[in-house]
$ cat protein-v9.cif   # mmCIF, C-alpha atoms and all ligand atoms
data_work
#
loop_
_atom_site.label_atom_id
_atom_site.label_comp_id
_atom_site.auth_asym_id
_atom_site.auth_seq_id
_atom_site.Cartn_x
_atom_site.Cartn_y
_atom_site.Cartn_z
CA MET A 1 139.19 103.82 53.56
CA LEU A 2 136.93 104.66 56.51
CA GLY A 3 133.27 105.61 56.10
CA ILE A 4 132.15 108.49 58.31
CA ILE A 5 128.44 109.32 58.52
CA GLY A 6 126.51 112.05 60.30
CA ALA A 7 122.81 112.81 59.98
CA MET A 8 122.85 116.60 59.84
CA ASP A 9 124.94 119.35 58.32
CA GLU A 10 126.35 120.40 61.72
CA GLU A 11 127.48 116.82 62.36
CA VAL A 12 129.61 116.51 59.20
CA GLN A 13 130.79 120.08 58.51
CA LEU A 14 133.60 120.14 61.09
CA VAL A 15 135.21 117.04 59.55
CA ARG A 16 134.62 118.31 56.03
CA SER A 17 136.28 121.64 56.78
CA GLU A 18 139.49 119.84 57.85
CA MET A 19 139.61 117.40 54.92
CA THR A 20 141.76 117.52 51.84
CA ILE A 21 138.95 116.90 49.37
CA THR A 22 139.64 114.83 46.25
CA ASP A 23 136.12 114.09 45.02
CA GLU A 24 132.46 114.80 45.68
CA ALA A 25 129.46 112.90 44.34
CA THR A 26 125.78 112.45 45.09
CA HIS A 27 124.32 108.94 45.21
CA ALA A 28 120.74 108.13 46.22
CA GLY A 29 120.39 111.77 47.18
CA VAL A 30 123.34 111.59 49.60
CA LEU A 31 126.32 113.89 49.18
CA VAL A 32 129.57 111.99 49.72
CA THR A 33 132.87 113.82 50.15
CA CYS A 34 136.04 111.80 49.59
CA GLY A 35 139.55 112.75 50.57
CA THR A 36 141.96 112.57 53.46
CA PHE A 37 141.57 113.61 57.07
CA LYS A 38 144.86 113.72 59.00
CA GLY A 39 146.35 111.56 56.24
CA VAL A 40 143.61 108.91 56.47
CA ASP A 41 141.45 108.11 53.41
CA ILE A 42 137.83 108.74 54.27
CA ALA A 43 134.44 108.98 52.60
CA LEU A 44 132.19 111.36 54.53
CA ALA A 45 128.41 111.39 54.06
CA GLN A 46 125.44 113.27 55.45
CA SER A 47 122.65 110.69 55.70
CA GLY A 48 119.70 112.89 56.59
CA ILE A 49 117.49 112.26 59.59
CA GLY A 50 115.87 108.96 60.54
CA LYS A 51 116.38 105.22 60.18
CA VAL A 52 115.41 104.92 56.51
CA ASN A 53 117.85 107.64 55.48
CA ALA A 54 120.57 106.13 57.65
CA THR A 55 120.05 102.68 56.13
CA ILE A 56 120.10 103.91 52.52
CA CYS A 57 123.19 106.01 53.15
CA THR A 58 125.09 103.23 54.93
CA GLN A 59 124.37 100.58 52.29
CA MET A 60 125.22 103.01 49.49
CA MET A 61 128.53 103.89 51.18
CA ILE A 62 129.41 100.22 51.63
CA ASP A 63 128.55 99.30 48.03
CA ARG A 64 130.25 102.25 46.36
CA TYR A 65 133.24 103.02 48.59
CA GLN A 66 134.09 99.66 50.21
CA PRO A 67 135.03 101.11 53.60
CA THR A 68 136.96 98.83 55.95
CA ALA A 69 135.11 100.24 58.97
CA LEU A 70 132.38 102.82 59.57
CA ILE A 71 131.81 105.48 62.21
CA PHE A 72 128.51 107.23 62.89
CA SER A 73 128.84 110.52 64.73
CA GLY A 74 125.82 112.44 65.91
CA VAL A 75 123.81 113.94 68.73
CA ALA A 76 121.36 112.24 71.05
CA GLY A 77 118.95 112.85 73.91
CA GLY A 78 120.26 111.59 77.27
CA LEU A 79 117.94 109.34 79.29
CA LEU A 80 119.46 109.37 82.81
CA PRO A 81 118.59 112.08 85.36
CA ASN A 82 122.13 113.32 86.01
CA MET A 83 123.21 113.66 82.40
CA GLN A 84 124.32 117.05 81.08
CA THR A 85 124.16 118.37 77.55
CA GLY A 86 127.60 117.99 75.98
CA ASP A 87 128.23 114.65 77.75
CA MET A 88 129.29 111.88 75.40
CA ILE A 89 128.03 108.39 74.70
CA ILE A 90 129.95 105.65 72.94
CA ALA A 91 127.46 102.95 72.02
CA SER A 92 128.37 99.43 73.08
CA HIS A 93 125.06 98.32 71.55
CA VAL A 94 122.30 99.85 69.47
CA ILE A 95 118.64 98.84 69.21
CA GLN A 96 115.70 99.85 67.02
CA TYR A 97 113.22 100.53 69.83
CA ASP A 98 110.26 101.04 67.46
CA MET A 99 110.54 97.55 65.94
CA ASP A 100 107.31 96.24 67.44
CA LEU A 101 106.31 92.59 66.95
CA THR A 102 104.80 92.38 70.44
CA ALA A 103 101.56 91.25 68.73
CA PHE A 104 103.42 87.97 68.09
CA GLY A 105 104.74 87.65 71.64
CA ARG A 106 108.12 89.20 70.92
CA ARG A 107 109.81 91.85 73.05
CA HIS A 108 109.99 95.43 71.86
CA GLY A 109 112.97 95.81 69.53
CA GLU A 110 113.13 92.11 68.73
CA MET A 111 113.13 90.72 65.19
CA PRO A 112 112.81 87.05 64.25
CA GLY A 113 116.19 85.40 63.75
CA ARG A 114 118.21 88.39 65.00
CA ASP A 115 119.75 89.39 68.31
CA ARG A 116 117.63 92.04 70.02
CA LEU A 117 120.68 94.26 70.50
CA THR A 118 123.22 94.98 67.76
CA GLU A 119 126.74 95.02 69.19
CA CYS A 120 129.21 97.66 68.08
CA ASP A 121 132.72 96.45 67.24
CA PRO A 122 134.49 96.07 70.62
CA VAL A 123 137.87 97.09 69.17
CA LEU A 124 136.42 100.31 67.75
CA VAL A 125 134.56 100.96 71.02
CA GLU A 126 137.86 100.70 72.88
CA LYS A 127 139.51 103.00 70.32
CA ALA A 128 136.68 105.50 70.73
CA THR A 129 137.18 105.56 74.50
CA ARG A 130 140.90 106.10 73.95
CA ALA A 131 140.08 108.91 71.50
CA PHE A 132 137.83 110.50 74.13
CA ASP A 133 140.66 110.36 76.69
CA LEU A 134 143.11 111.90 74.21
CA ALA A 135 140.64 114.67 73.43
CA PHE A 136 139.61 115.59 76.97
CA GLU A 137 142.23 114.40 79.47
CA GLY A 138 143.26 117.35 81.64
CA VAL A 139 140.57 119.64 80.19
CA ASP A 140 138.83 121.62 82.99
CA ASP A 141 135.23 121.42 81.82
CA ALA A 142 135.56 118.04 80.11
CA PRO A 143 132.29 116.26 79.32
CA ASN A 144 131.42 112.96 80.99
CA LEU A 145 131.72 109.76 78.97
CA MET A 146 129.29 106.85 79.21
CA LEU A 147 129.33 103.52 77.37
CA GLY A 148 126.11 101.59 76.86
CA THR A 149 123.04 101.08 74.73
CA VAL A 150 121.68 103.70 72.32
CA ALA A 151 118.00 103.28 71.36
CA SER A 152 117.04 104.54 67.88
CA GLY A 153 113.57 105.26 66.51
CA ASP A 154 111.85 107.53 64.02
CA ARG A 155 110.70 109.98 66.65
CA PHE A 156 112.18 113.00 68.41
CA VAL A 157 111.57 112.15 72.06
CA GLN A 158 110.53 114.98 74.35
CA ASP A 159 108.45 113.47 77.10
CA THR A 160 109.33 111.96 80.46
CA GLN A 161 107.15 108.89 80.03
CA THR A 162 108.85 107.79 76.79
CA LEU A 163 112.34 108.53 78.05
CA ARG A 164 111.70 106.43 81.19
CA TRP A 165 110.31 103.61 79.08
CA LEU A 166 113.38 103.65 76.81
CA GLN A 167 115.67 103.62 79.82
CA ARG A 168 113.84 100.78 81.58
CA GLU A 169 112.78 98.60 78.65
CA PHE A 170 116.14 98.68 76.84
CA ALA A 171 118.56 99.81 79.59
CA ALA A 172 119.36 102.62 77.15
CA LEU A 173 121.55 105.61 77.97
CA ALA A 174 120.45 107.78 75.06
CA THR A 175 118.01 108.00 72.18
CA GLU A 176 118.43 109.26 68.64
CA MET A 177 117.13 108.46 65.17
CA GLU A 178 119.84 106.73 63.10
CA GLY A 179 122.44 104.73 65.05
CA ALA A 180 120.66 101.35 65.16
CA ALA A 181 119.76 101.44 61.46
CA PHE A 182 123.37 102.28 60.62
CA GLY A 183 124.67 99.53 62.94
CA TYR A 184 122.24 96.93 61.66
CA THR A 185 123.27 97.65 58.06
CA CYS A 186 126.98 97.39 58.93
CA THR A 187 126.33 94.10 60.74
CA LEU A 188 124.48 92.60 57.76
CA ASN A 189 127.51 93.55 55.65
CA ASP A 190 129.91 92.06 58.22
CA LEU A 191 131.74 95.36 58.71
CA PRO A 192 133.02 96.81 61.99
CA PHE A 193 131.33 100.00 63.19
CA VAL A 194 130.97 102.31 66.15
CA VAL A 195 128.47 105.03 67.07
CA ILE A 196 129.52 108.12 69.03
CA GLN A 197 127.04 110.70 70.25
CA SER A 198 127.13 113.92 72.21
CA LEU A 199 124.02 114.90 74.16
CA SER A 200 122.13 117.86 72.75
CA ASP A 201 119.26 117.46 75.25
CA THR A 202 117.88 115.12 77.87
CA ALA A 203 114.74 114.04 75.94
CA GLY A 204 112.35 115.72 78.42
CA GLU A 205 109.76 118.45 77.87
CA SER A 206 112.35 121.10 76.86
CA ALA A 207 114.20 118.79 74.43
CA SER A 208 113.46 120.49 71.11
CA GLY A 209 114.50 123.93 72.40
CA ASP A 210 117.59 122.46 74.07
CA PHE A 211 118.46 120.62 70.86
CA THR A 212 118.36 123.85 68.84
CA ASP A 213 120.32 125.80 71.46
CA ASN A 214 123.02 123.16 71.97
CA LEU A 215 123.49 121.49 68.58
CA HIS A 216 126.43 123.58 67.41
CA ARG A 217 128.28 123.45 70.75
CA VAL A 218 127.92 119.72 71.36
CA CYS A 219 128.93 118.77 67.80
CA GLN A 220 132.35 120.20 68.68
CA HIS A 221 132.71 117.46 71.33
CA SER A 222 131.96 114.68 68.83
CA TYR A 223 134.42 116.28 66.43
CA GLN A 224 137.14 116.39 69.09
CA VAL A 225 136.71 112.63 69.59
CA LEU A 226 136.58 111.97 65.83
CA GLU A 227 139.84 113.84 65.34
CA HIS A 228 141.60 111.16 67.40
CA LEU A 229 139.36 108.23 66.51
CA ILE A 230 139.81 108.42 62.73
CA PRO A 231 143.60 107.77 62.83
CA LEU A 232 143.13 105.07 65.51
CA ALA A 233 140.32 103.34 63.59
CA ASN A 234 142.44 103.31 60.46
CA GLU A 235 144.84 100.89 62.15
CA SER A 236 143.91 97.25 61.59
CA THR A 237 141.01 96.16 63.81
CA GLY A 238 141.39 92.41 63.35
CA PRO A 239 140.40 89.74 60.88
CA LYS A 240 136.92 91.10 60.23
CA GLN A 241 138.17 94.47 59.00
CA GLY A 242 137.98 95.07 55.31
CA ARG A 243 136.27 91.80 54.57
CA ARG A 244 132.68 91.13 53.73
CA ALA A 245 130.80 87.93 54.59
CA SER A 246 130.75 87.19 50.87
CA ASP A 247 134.56 87.45 50.74
CA GLN A 248 135.15 84.70 53.30
CA PRO A 249 136.69 81.54 51.85
CA SER A 250 134.08 78.78 51.99
CA ASP A 251 134.68 75.56 53.88
CA THR A 252 133.41 73.55 50.97
CA GLY A 253 135.86 75.17 48.57
N1 LIG B 301 118.56 113.46 68.82
C1 LIG B 301 118.94 114.36 69.73
N2 LIG B 301 118.02 114.47 70.71
C2 LIG B 301 117.03 113.59 70.42
C3 LIG B 301 115.81 113.25 71.05
N3 LIG B 301 115.42 113.84 72.17
N4 LIG B 301 115.03 112.32 70.45
C4 LIG B 301 115.43 111.74 69.29
N5 LIG B 301 116.57 112.02 68.66
C5 LIG B 301 117.37 112.95 69.22
#
$ encode --input "protein-v9.cif" --output "structure tokens" --more "lines below"
Ligand code: ADE
Amino acid sequence: MLGIIGAMDEEVQLVRSEMTITDEATHAGVLVTCGTFKGVDIALAQSGIGKVNATICTQMMIDRYQPTALIFSGVAGGLLPNMQTGDMIIASHVIQYDMDLTAFGRRHGEMPGRDRLTECDPVLVEKATRAFDLAFEGVDDAPNLMLGTVASGDRFVQDTQTLRWLQREFAALATEMEGAAFGYTCTLNDLPFVVIQSLSDTAGESASGDFTDNLHRVCQHSYQVLEHLIPLANESTGPKQGRRASDQPSDTG
């Protein structure tokens, strides 16, 4: 079983409309739809916006549905000057940019005892790039694909100063509000995950208007990648897949 999470209605509806639904339930205020998508068992959830909602949703999905891998699909604001709305990002890493312990001499985004960046599962990242190629190869107006860091925080960014800071401080390609919380939760549960995003805006002064205008259109791009990624991700992704840290045999017996 794969866990698929999106923050907003638009981000989950396209998958839901193509599922054979077997069950629906609400847990911790999150609607979860279970069933099959192209023959693959999935649990699909709409987390709501922001890092707290993403964390609650992800942990609930892991505890109740025992997914072997998780995919977060959403929209983001692009941070580089030449980016276009509709372009796609596959996160190699995610970071909570608003984790701020600089008062204790730490770097922005850094937490004691943890890596500053959370790495997405390399096998799923590779499968997501393959899914992108399958979706868009030979298509005339295909979006661009970029792999790199996605910076998450509880703020809709629409100013040049913040977007430059995110780009320079974290070498981030895009910003959104859930991916790092989702990824961090998957990592603590020792489960493979990947985050895919399409750009609804470029996080500058017109971002909120661009977001509203583009949301529906760019969600189609994420869906086109998901259509191919879900069957690919369902194939075994190595020894970590389907096992929790607590399931590992202990050395001491
Ligand atoms: N999601 C999409 N665009 C965003 C932006 N500009 N800031 C935060 N989250 C976003």
$ atom_distance --input "protein-v9.cif" --atom1 "atom CA of A:Arg64" --atom2 "atom CA of A:Leu2"
12.4 Å
$ residues_near_ligand --input "protein-v9.cif" --ligand "ligand LIG 301 (chain B)" --cutoff "6 Å" --atoms "all atoms listed in the file" --output "JSON list (two decimals) with C-alpha atoms, in the frame of the given file"
[["chain", "number", "residue", "atom", "x", "y", "z"],
["A", 75, "VAL", "CA", 123.81, 113.94, 68.73],
["A", 76, "ALA", "CA", 121.36, 112.24, 71.05],
["A", 77, "GLY", "CA", 118.95, 112.85, 73.91],
["A", 155, "ARG", "CA", 110.70, 109.98, 66.65],
["A", 156, "PHE", "CA", 112.18, 113.00, 68.41],
["A", 157, "VAL", "CA", 111.57, 112.15, 72.06],
["A", 158, "GLN", "CA", 110.53, 114.98, 74.35],
["A", 175, "THR", "CA", 118.01, 108.00, 72.18],
["A", 176, "GLU", "CA", 118.43, 109.26, 68.64],
["A", 177, "MET", "CA", 117.13, 108.46, 65.17],
["A", 200, "SER", "CA", 122.13, 117.86, 72.75],
["A", 201, "ASP", "CA", 119.26, 117.46, 75.25],
["A", 203, "ALA", "CA", 114.74, 114.04, 75.94],
["A", 207, "ALA", "CA", 114.20, 118.79, 74.43]]
$ axis_aligned_box --input "protein-v9.cif" --around "stretch 213-229 of chain A" --padding-each-side "6 Å" --output "JSON"
{"center_x": 131.0, "center_y": 117.0, "center_z": 68.7, "size_x": 33.3, "size_y": 29.6, "size_z": 18.6}
$ atom_distance --input "protein-v9.cif" --atom1 "atom CA of A:Ser17" --atom2 "atom CA of A:Gly3"
16.3 Å
$ closest_atom_pairs --input "protein-v9.cif" --of "stretch 66-89 of chain A" --to "stretch 209-225 of chain A" --cutoff "10 Å" --atoms "only C-alpha atoms" --output "tab-separated table"
residue	atom	partner	partner_atom	distance
A:Ser73	CA	A:Ser222	CA	6.6
A:Gly74	CA	A:Ser222	CA	7.2
A:Val75	CA	A:Cys219	CA	7.1
A:Ala76	CA	A:Phe211	CA	8.9
A:Gly77	CA	A:Phe211	CA	8.4
A:Thr85	CA	A:Val218	CA	7.4
A:Gly86	CA	A:Val218	CA	4.9
A:Asp87	CA	A:Val218	CA	8.2
A:Met88	CA	A:Ser222	CA	7.6
A:Ile89	CA	A:Ser222	CA	9.5
$ atom_distance --input "protein-v9.cif" --atom1 "atom CA of A:Ala43" --atom2 "atom CA of A:Glu24"
9.3 Å
$ closest_residue --input "protein-v9.cif" --among "A:Ile62, A:Ala103, A:Val12, A:Met83" --to "A:Leu191" --atoms "all atoms listed in the file"
A:Ile62
$ residues_near_point --input "protein-v9.cif" --point "(131.9, 98.3, 60.3)" --cutoff "8 Å" --atoms "all atoms listed in the file" --output "PyMOL selection string"
chain A and resi 67-71+121+183+186-187+189-194+241
$ closest_residue --input "protein-v9.cif" --among "A:Asp133, A:Glu126, A:Asp159, A:Asp140" --to "A:Glu205" --atoms "all atoms listed in the file"
A:Asp159
$ closest_residue --input "protein-v9.cif" --among "A:Ala131, A:Ala233, A:Ile196, A:Met99" --to "A:Val40" --atoms "all atoms listed in the file"
A:Ala233
